[in-house]
Each structure stands twice: as C-alpha cells, then as structure tokens.
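K.L.:
One structure follows; several queries about it will come next.
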Amino acid sequence: MCSMARFTSFDGTELAYREAGEGAPLVVLAGGPGRSSGYLENLGGLDAHRRLVVLDNRGTGESAEPADPFTYRRDMLVRDVEMLRRHLGLDVVDVLGHSAGAGIAMGYAADFPDRVGKLVLLTPALRSVGLSPEQSDWDTFLAARADEPWFESATTALQRTAAGDTSVENRVAASPLLYARWDGRAQAHANAELGQWKYHVALGYNAEGAFVPGVLRRALADFDHPVLIYACGEDPISPVRRCAELAELFPDVTMYVHEGVGHYPWVEEPGPVVKRIATFLDA
C-alpha cells in the first residue's frame with residue numbers, strides 16, 4: 001500500500017511525500033540533486049521492515065516549486081525535513097539519505113541532532129563535508145571500465161557535461177558509469193530519469209553558500225547517535241576510500257561496503273541492501 005500526502009513547509013511551499021509499508025517510520029531523502037523520489041522505488045523491499053516516508057524535495061515530483069529559488073539550496077532543504085517531522089507528529093525520526101539526499105540528511109543531523117534517532121547515509125554525496133572524489137579516483141574508476149561497450153559514449157557524455165551540457169538526456173547518456181552491470185534493469189532505472197530530473201533544482205541545491213564543510217564536519221563530530229555509512233565498491237560518486245574518511249567524522253558509526261554494485265545498490269542487488277539497513281535500524 002502506497003499513499004501520497006502533502007504538507008506546507010516553512011515558506012508556504014506545499015510538499016509531497018509518499019508512504020509505503022508498515023512499522024516504525026523511516027524518513028527517506030532523495031538525491032539527484034533535483035530528481036523526484038520515484039527513482040528510489042521501495043529501496044529493494046525495505047518497506048517490508050519499515051514504513052517508508054519518502055519526500056519529494058521541493059520542485060521535484062509532486063512537490064510544488066517554491067516562490068524563492070534560494071530555498072533549493074542544500075542547507076535550506078534541511079528545514080523541509082524538520083517541517084515534515086513536525087507534520088508527522090514525531091519527536092524523533094530515523095533518517096535515510098541517498099546520494100545528494102545524504103547531504104541533506106547530514107545537515108539535518110547537524111542542525112536538529114535531538115530529532116534524529118538513527119542516520120543512514122546510502123552511497124552518500126560527499127561535497128558537503130569536503131570529501132568529493134578526486135581526479136585520481138575518477139582515473140582509477142574509468143581505467144577499470146575502458147573495455148566496456150558503452151565506455152566511449154558514456155565518457156563522451158561526461159565530457160559534454162564538463163563543457164556545459166546540462167540536459168537530462170546527457171545525464172542519462174553518462175549513467176552506465178553509475179551501475180556495475182548495464183543490464184535491462186539498470187537501463188530502465190536510468191531512463192526513468194528523463195521524466196524525473198530538473199536542472200534548475202539541481203543548480204539551486206549547489207548554489208553558492210550551500211556548502212560550508214568545516215562547519216558541518218565539526219557539527220557531525222558532536223552527533224552521537226548511530227550512523228550507518230553504506231558504500232558500494234563500484235560507485236564513482238562515493239568512493240569507498242572517501243566514505244571511510246566520512247566515517248572518521250562520526251563518534252558512533254558503522255561502515256558497510258557492498259562489493260560488486262554501483263551507486264544504486266537496491267537496483268542491482270536488493271537483498272543485501274534491505275538486510276543490512278534493516279538490521280542496523282532494528283539493533
């Protein structure tokens with residue numbers, strides 16, 4: 001059973017979220033940035049263990065566009081999470097953030113630490129803490145894939161992105177790099193982005209002032225609730241070595257490395273994703 005509901009956030013913007021499953025709620029934050037939450041699906045079946053409360057970030061999916069585009073900024077999206085918590089009537093929430101959604105989740109843990117029970121960072125984007133992959137990470141990653149049949153077209157799309165191509169079609173052309181196996185399931189998941197991503201929302205997420213890594217790192221050092229960092233061995237966005245550096249920022253952290261999968265592990269091997277996250281949340 002999946003239902004869609006709405007609430008009004010701090011600035012009057014109406015935001016949408018869907019609920020799936022039964023049990024204790026888990027607030028789920030989508031990445032992209034600028035992508036509607038539909039790509040998360042049910043996280044491979046995690047809704048069998050938790051009531052997933054999956055937010056469409058402002059301007060994406062069923063959520064309205066804000067009057068002020070300034071509020072697309074990563075640090076402003078944290079306020080929407082707090083307004084969702086209040087709307088749900090919960091004193092404390094467990095939070096899962098995927099990719100850029102993990103940047104929002106970390107901001108929420110920093111700004112509202114007493115409102116977070118457990119925190120799951122699933123293949124987290126790392127810019128907010130100053131740990132983005134370096135050129136050497138990309139060089140190693142790409143060298144290992146040079147013989148793939150899609151390699152030339154995908155890396156050409158990356159080059160177009162670097163040159164200023166902001167189209168969703170170009171993003172999808174580069175997306176084989178984000179999956180360990182470019183099979184039919186991965187292709188369908190990637191192609192869905194054609195109707196899910198908005199460039200101006202992504203631009204707003206990354207706007208000037210959205211990232212102050214030193215401040216966030218210091219705040220996370222004081223966040224003493226349990227944290228799970230879920231890294232994947234074939235993920236160029238969240239390299240394992242950088243996720244290990246992220247883990248060093250938290251006092252109470254578990255890091256798990258899922259080998260043989262990419263940035264969307266629930267698409268490729270859902271079983272381990274559900275088992276590991278559910279075990280962490282239930283412990």
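Naming scheme: A, B, ... for chains in displayed order of the structure tokens; residues 1 onward per chain; ligands 1 onward as shown.
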Kindly provide the residues of range 236-281 of chain A that approach range 189-201 of chain A to within 12 Å, each paired with its closest atom pair and their distance in Å to one decimal, based on only C-alpha atoms, listed by chain and increasing number, as JSON lines.
P.N.:
```
{"residue": "A:His263", "atom": "CA", "partner": "A:Ala190", "partner_atom": "CA", "distance": 11.3}
{"residue": "A:Tyr264", "atom": "CA", "partner": "A:His189", "partner_atom": "CA", "distance": 9.3}
{"residue": "A:Pro265", "atom": "CA", "partner": "A:His189", "partner_atom": "CA", "distance": 11.7}
{"residue": "A:Trp266", "atom": "CA", "partner": "A:His189", "partner_atom": "CA", "distance": 10.9}
{"residue": "A:Val267", "atom": "CA", "partner": "A:His189", "partner_atom": "CA", "distance": 7.7}
{"residue": "A:Glu268", "atom": "CA", "partner": "A:His189", "partner_atom": "CA", "distance": 10.3}
```
K.L.:
With all heavy atoms retained, export the selected residues as a compact mmCIF listing (two decimals), in the first residue's frame.
P.N.:
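Heads up, here's the output in again33.txt:
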```
# COMPACT_ATOMS: atom_id res chain seq x y z
N HIS A 263 26.11 2.88 -7.75
CA HIS A 263 25.52 3.97 -6.97
C HIS A 263 24.09 3.68 -6.51
O HIS A 263 23.59 4.34 -5.59
CB HIS A 263 25.56 5.25 -7.80
CG HIS A 263 25.33 6.50 -7.03
ND1 HIS A 263 26.10 6.87 -5.95
CD2 HIS A 263 24.40 7.49 -7.18
CE1 HIS A 263 25.66 8.03 -5.47
NE2 HIS A 263 24.63 8.42 -6.20
N TYR A 264 23.44 2.74 -7.16
CA TYR A 264 22.05 2.40 -6.84
C TYR A 264 21.97 0.92 -6.46
O TYR A 264 21.45 0.10 -7.22
CB TYR A 264 21.14 2.69 -8.03
CG TYR A 264 21.26 4.08 -8.58
CD1 TYR A 264 22.02 4.34 -9.74
CD2 TYR A 264 20.61 5.15 -7.99
CE1 TYR A 264 22.13 5.61 -10.26
CE2 TYR A 264 20.71 6.43 -8.50
CZ TYR A 264 21.47 6.66 -9.64
OH TYR A 264 21.57 7.93 -10.15
N PRO A 265 22.47 0.53 -5.30
CA PRO A 265 22.62 -0.89 -4.99
C PRO A 265 21.31 -1.66 -4.93
O PRO A 265 21.27 -2.85 -5.22
CB PRO A 265 23.34 -0.89 -3.64
CG PRO A 265 23.04 0.46 -3.05
CD PRO A 265 22.98 1.39 -4.21
N TRP A 266 20.21 -0.99 -4.54
CA TRP A 266 18.93 -1.68 -4.46
C TRP A 266 18.43 -2.10 -5.85
O TRP A 266 17.60 -3.00 -5.96
CB TRP A 266 17.89 -0.83 -3.74
CG TRP A 266 17.47 0.39 -4.53
CD1 TRP A 266 16.42 0.49 -5.40
CD2 TRP A 266 18.10 1.68 -4.52
NE1 TRP A 266 16.36 1.75 -5.94
CE2 TRP A 266 17.38 2.50 -5.41
CE3 TRP A 266 19.20 2.22 -3.84
CZ2 TRP A 266 17.72 3.83 -5.64
CZ3 TRP A 266 19.54 3.54 -4.07
CH2 TRP A 266 18.82 4.34 -4.95
N VAL A 267 18.93 -1.45 -6.89
CA VAL A 267 18.57 -1.82 -8.26
C VAL A 267 19.28 -3.11 -8.66
O VAL A 267 18.72 -3.97 -9.33
CB VAL A 267 18.91 -0.68 -9.24
CG1 VAL A 267 18.71 -1.10 -10.69
CG2 VAL A 267 18.07 0.56 -8.92
N GLU A 268 20.53 -3.25 -8.25
CA GLU A 268 21.37 -4.36 -8.70
C GLU A 268 21.31 -5.58 -7.78
O GLU A 268 21.25 -6.72 -8.26
CB GLU A 268 22.82 -3.87 -8.86
CG GLU A 268 22.93 -2.73 -9.85
CD GLU A 268 24.35 -2.39 -10.21
OE1 GLU A 268 25.00 -1.64 -9.45
OE2 GLU A 268 24.82 -2.89 -11.25
```
K.L.:
For the structure I just gave you, how does DSSP split range 30-163 of chain A - specifically, which residues are helix (DSSP H, G or I)? Reply as a ChimeraX atom specification.
P.N.:
/A:37-40,46-48,69-72,74-88,100-111,113-115,127-129,135-143,151-162
K.L.:
For the structure I just gave you, how does DSSP split range 22-199 of chain A - specifically, which residues are strand (DSSP E)? Reply as a list in words.
P.N.:
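Selecting the strand (DSSP E) positions of range 22-199 of chain A gives Pro25, Leu26, Val27, Val28, Leu29, Arg51, Leu52, Val53, Val54, Leu55, Val93, Asp94, Val95, Leu96, Gly97, His98, Val116, Gly117, Lys118, Leu119, Val120, Leu121 and Leu122 of chain A.
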K.L.:
Write a file of the selected residues as a short mmCIF file (atom, residue, chain, number, x, y, z; two decimals), in the first residue's frame, keeping N, CA, C and O atoms.
P.N.:
```cif
data_model
loop_
_atom_site.label_atom_id
_atom_site.label_comp_id
_atom_site.auth_asym_id
_atom_site.auth_seq_id
_atom_site.Cartn_x
_atom_site.Cartn_y
_atom_site.Cartn_z
N PRO A 25 8.44 4.54 11.34
CA PRO A 25 8.71 5.34 10.15
C PRO A 25 10.20 5.56 9.91
O PRO A 25 10.99 5.66 10.85
N LEU A 26 10.56 5.62 8.66
CA LEU A 26 11.90 5.98 8.21
C LEU A 26 11.76 7.08 7.17
O LEU A 26 11.18 6.85 6.10
N VAL A 27 12.22 8.27 7.48
CA VAL A 27 12.17 9.38 6.53
C VAL A 27 13.29 9.18 5.50
O VAL A 27 14.45 9.01 5.86
N VAL A 28 12.90 9.20 4.23
CA VAL A 28 13.83 8.90 3.14
C VAL A 28 13.98 10.14 2.26
O VAL A 28 12.98 10.70 1.79
N LEU A 29 15.24 10.54 2.04
CA LEU A 29 15.55 11.77 1.30
C LEU A 29 16.25 11.42 -0.01
O LEU A 29 17.29 10.76 -0.02
N ARG A 51 8.02 1.62 7.73
CA ARG A 51 7.11 2.49 6.99
C ARG A 51 7.96 3.59 6.37
O ARG A 51 8.45 4.48 7.07
N LEU A 52 8.17 3.51 5.08
CA LEU A 52 8.99 4.49 4.38
C LEU A 52 8.18 5.76 4.16
O LEU A 52 7.07 5.72 3.62
N VAL A 53 8.74 6.88 4.58
CA VAL A 53 8.14 8.20 4.35
C VAL A 53 9.10 8.92 3.40
O VAL A 53 10.13 9.44 3.82
N VAL A 54 8.74 8.91 2.11
CA VAL A 54 9.68 9.31 1.06
C VAL A 54 9.30 10.69 0.54
O VAL A 54 8.24 10.88 -0.07
N LEU A 55 10.15 11.65 0.80
CA LEU A 55 9.88 13.05 0.47
C LEU A 55 10.28 13.38 -0.96
O LEU A 55 11.38 13.03 -1.40
N VAL A 93 12.94 10.97 14.55
CA VAL A 93 12.79 10.18 13.34
C VAL A 93 14.13 9.55 12.95
O VAL A 93 15.18 10.15 13.14
N ASP A 94 14.05 8.34 12.44
CA ASP A 94 15.20 7.76 11.75
C ASP A 94 15.21 8.32 10.34
O ASP A 94 14.14 8.52 9.72
N VAL A 95 16.39 8.60 9.80
CA VAL A 95 16.52 9.28 8.51
C VAL A 95 17.49 8.52 7.62
O VAL A 95 18.59 8.13 8.07
N LEU A 96 17.10 8.31 6.37
CA LEU A 96 17.97 7.75 5.34
C LEU A 96 18.10 8.74 4.21
O LEU A 96 17.09 9.22 3.68
N GLY A 97 19.33 9.06 3.82
CA GLY A 97 19.57 9.92 2.68
C GLY A 97 20.41 9.20 1.65
O GLY A 97 21.44 8.60 1.99
N HIS A 98 19.97 9.25 0.39
CA HIS A 98 20.75 8.65 -0.70
C HIS A 98 21.43 9.74 -1.51
O HIS A 98 20.81 10.75 -1.87
N VAL A 116 16.90 13.29 15.53
CA VAL A 116 17.32 12.15 14.73
C VAL A 116 17.60 10.96 15.64
O VAL A 116 18.36 11.09 16.60
N GLY A 117 17.00 9.82 15.33
CA GLY A 117 17.31 8.60 16.06
C GLY A 117 18.54 7.95 15.46
O GLY A 117 19.64 8.04 16.00
N LYS A 118 18.35 7.29 14.32
CA LYS A 118 19.46 6.69 13.59
C LYS A 118 19.56 7.32 12.22
O LYS A 118 18.55 7.76 11.64
N LEU A 119 20.77 7.34 11.68
CA LEU A 119 21.05 8.01 10.41
C LEU A 119 21.69 7.01 9.45
O LEU A 119 22.70 6.39 9.79
N VAL A 120 21.10 6.87 8.26
CA VAL A 120 21.66 6.00 7.21
C VAL A 120 22.08 6.87 6.04
O VAL A 120 21.28 7.63 5.49
N LEU A 121 23.35 6.77 5.66
CA LEU A 121 23.90 7.50 4.53
C LEU A 121 24.22 6.48 3.44
O LEU A 121 25.20 5.75 3.51
N LEU A 122 23.34 6.41 2.45
CA LEU A 122 23.41 5.39 1.41
C LEU A 122 24.11 5.97 0.18
O LEU A 122 23.62 6.92 -0.42
#
```
K.L.:
If I take CA of Met4 in chain A and CA of Gly32 in chain A, how far is one from the other in Å, to one decimal?
P.N.:
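Result for CA of Met4 in chain A versus CA of Gly32 in chain A: 20.6 Å, one decimal.
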K.L.:
Just the residues within 9 Å of Tyr256 in chain A, please, counting only C-alpha atoms, with nothing from its chain fewer than 5 positions along; format it as a list of chain:residue names.
P.N.:
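The residues satisfying every condition are A:Leu228, A:Ile229, A:Tyr230, A:Ala231, A:Cys232, A:Arg276.
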K.L.:
Can you list every residue of range 229-253 of chain A that has an atom at most 10 Å from range 126-148 of chain A, with its nearest atom pair and the distance in Å to one decimal, using only C-alpha atoms, ordered by chain then number, as JSON lines?
P.N.:
```
{"residue": "A:Glu234", "atom": "CA", "partner": "A:Phe141", "partner_atom": "CA", "distance": 7.9}
{"residue": "A:Asp235", "atom": "CA", "partner": "A:Phe141", "partner_atom": "CA", "distance": 8.4}
{"residue": "A:Pro236", "atom": "CA", "partner": "A:Phe141", "partner_atom": "CA", "distance": 6.6}
{"residue": "A:Ile237", "atom": "CA", "partner": "A:Pro133", "partner_atom": "CA", "distance": 6.8}
{"residue": "A:Ser238", "atom": "CA", "partner": "A:Leu126", "partner_atom": "CA", "distance": 6.9}
{"residue": "A:Pro239", "atom": "CA", "partner": "A:Pro133", "partner_atom": "CA", "distance": 6.6}
{"residue": "A:Val240", "atom": "CA", "partner": "A:Pro133", "partner_atom": "CA", "distance": 9.8}
{"residue": "A:Arg241", "atom": "CA", "partner": "A:Asp137", "partner_atom": "CA", "distance": 9.1}
{"residue": "A:Arg242", "atom": "CA", "partner": "A:Leu131", "partner_atom": "CA", "distance": 6.2}
{"residue": "A:Cys243", "atom": "CA", "partner": "A:Leu126", "partner_atom": "CA", "distance": 8.0}
{"residue": "A:Glu245", "atom": "CA", "partner": "A:Leu131", "partner_atom": "CA", "distance": 7.7}
{"residue": "A:Leu246", "atom": "CA", "partner": "A:Leu131", "partner_atom": "CA", "distance": 7.4}
{"residue": "A:Leu249", "atom": "CA", "partner": "A:Val129", "partner_atom": "CA", "distance": 9.3}
```
K.L.:
Please provide as a count of residues only all residues within 8 Å of Asp75 in chain A, with the sequence filter that same-chain residues fewer than 4 positions apart are discarded (counting only C-alpha atoms).
P.N.:
5
K.L.:
Give me, please, the distance in Å between CA of Arg35 in chain A and CA of Leu178 in chain A, quoted to one decimal.
P.N.:
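Separation between CA of Arg35 in chain A and CA of Leu178 in chain A: 15.2 Å.
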K.L.:
Go through A:Pro149, A:Gly23, A:Gly260, A:Gly61 and flag the residue nearest Gly38 in chain A, using only C-alpha atoms for the distances.
P.N.:
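Closest candidate: A:Gly61.
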K.L.:
Separation of CA of Pro69 in chain A and CA of Asn57 in chain A, in Å?
P.N.:
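Pair CA of Pro69 in chain A / CA of Asn57 in chain A returns 12.7 Å.
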K.L.:
Please provide as an MDAnalysis selection string all residues within 8 Å of Arg73 in chain A, with the sequence filter that same-chain residues fewer than 2 positions apart are discarded (counting only C-alpha atoms).
P.N.:
chainID A and resid 70:71 75:77 204:207 210
K.L.:
Once you have the residues from the selection above, write them out as a short mmCIF file (atom, residue, chain, number, x, y, z; two decimals), in the first residue's frame, restricted to C-alpha atoms.
P.N.:
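Result written to out_35.cif:
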```cif
data_model
loop_
_atom_site.label_atom_id
_atom_site.label_comp_id
_atom_site.auth_asym_id
_atom_site.auth_seq_id
_atom_site.Cartn_x
_atom_site.Cartn_y
_atom_site.Cartn_z
CA PHE A 70 17.10 30.39 -2.97
CA THR A 71 15.27 27.72 -0.96
CA ASP A 75 21.14 23.81 3.69
CA MET A 76 17.61 25.19 3.18
CA LEU A 77 16.20 21.76 2.29
CA GLY A 204 19.77 25.62 -6.66
CA TYR A 205 20.89 22.73 -4.43
CA ASN A 206 24.50 23.52 -5.26
CA ALA A 207 24.18 27.32 -5.10
CA ALA A 210 25.17 25.78 0.35
#
```
K.L.:
For a quick check of understanding, using only C-alpha atoms, which of A:Arg85, A:Asp165, A:Ser153, A:Pro33 has the smallest distance to Gly101 in chain A?
P.N.:
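Nearest to Gly101 in chain A: A:Pro33.
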K.L.:
Of the candidates A:Leu15, A:Val227, A:Ala20, A:Ala105, which one gets nearest to Pro66 in chain A if we count only C-alpha atoms?
P.N.:
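Among A:Leu15, A:Val227, A:Ala20, A:Ala105, it is A:Leu15 that comes nearest to Pro66 in chain A.
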K.L.:
When you count only C-alpha atoms, which of these residues is closest to Glu62 in chain A: A:Thr13, A:Ser99, A:Thr161, A:Asn42?
P.N.:
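Checking each of A:Thr13, A:Ser99, A:Thr161, A:Asn42 against Glu62 in chain A, counting only C-alpha atoms, the winner is A:Thr13.
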K.L.:
A:Leu46, A:Ala110, A:Val81, A:Val273: which is nearest Asp224 in chain A, counting only C-alpha atoms?
P.N.:
A:Ala110
K.L.:
Please provide the set of residues having any atom within 9 Å of Ala5 in chain A, restricted to only C-alpha atoms, with same-chain residues fewer than 6 positions apart removed, written as a list in words.
P.N.:
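So the residues in contact are Leu15, Ala16, Tyr17, Arg18 and Glu19 of chain A.
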K.L.:
May I have the selected residues written with C-alpha atoms, as a PDB file, in the first residue's frame?
P.N.:
```
ATOM      1  CA  LEU A  15       5.494  19.486  -0.432  1.00  0.00           C
ATOM      2  CA  ALA A  16       4.507  15.908  -1.186  1.00  0.00           C
ATOM      3  CA  TYR A  17       5.603  12.619   0.297  1.00  0.00           C
ATOM      4  CA  ARG A  18       4.565   9.017  -0.176  1.00  0.00           C
ATOM      5  CA  GLU A  19       4.279   6.318   2.421  1.00  0.00           C
TER       6      GLU A  19
END
```
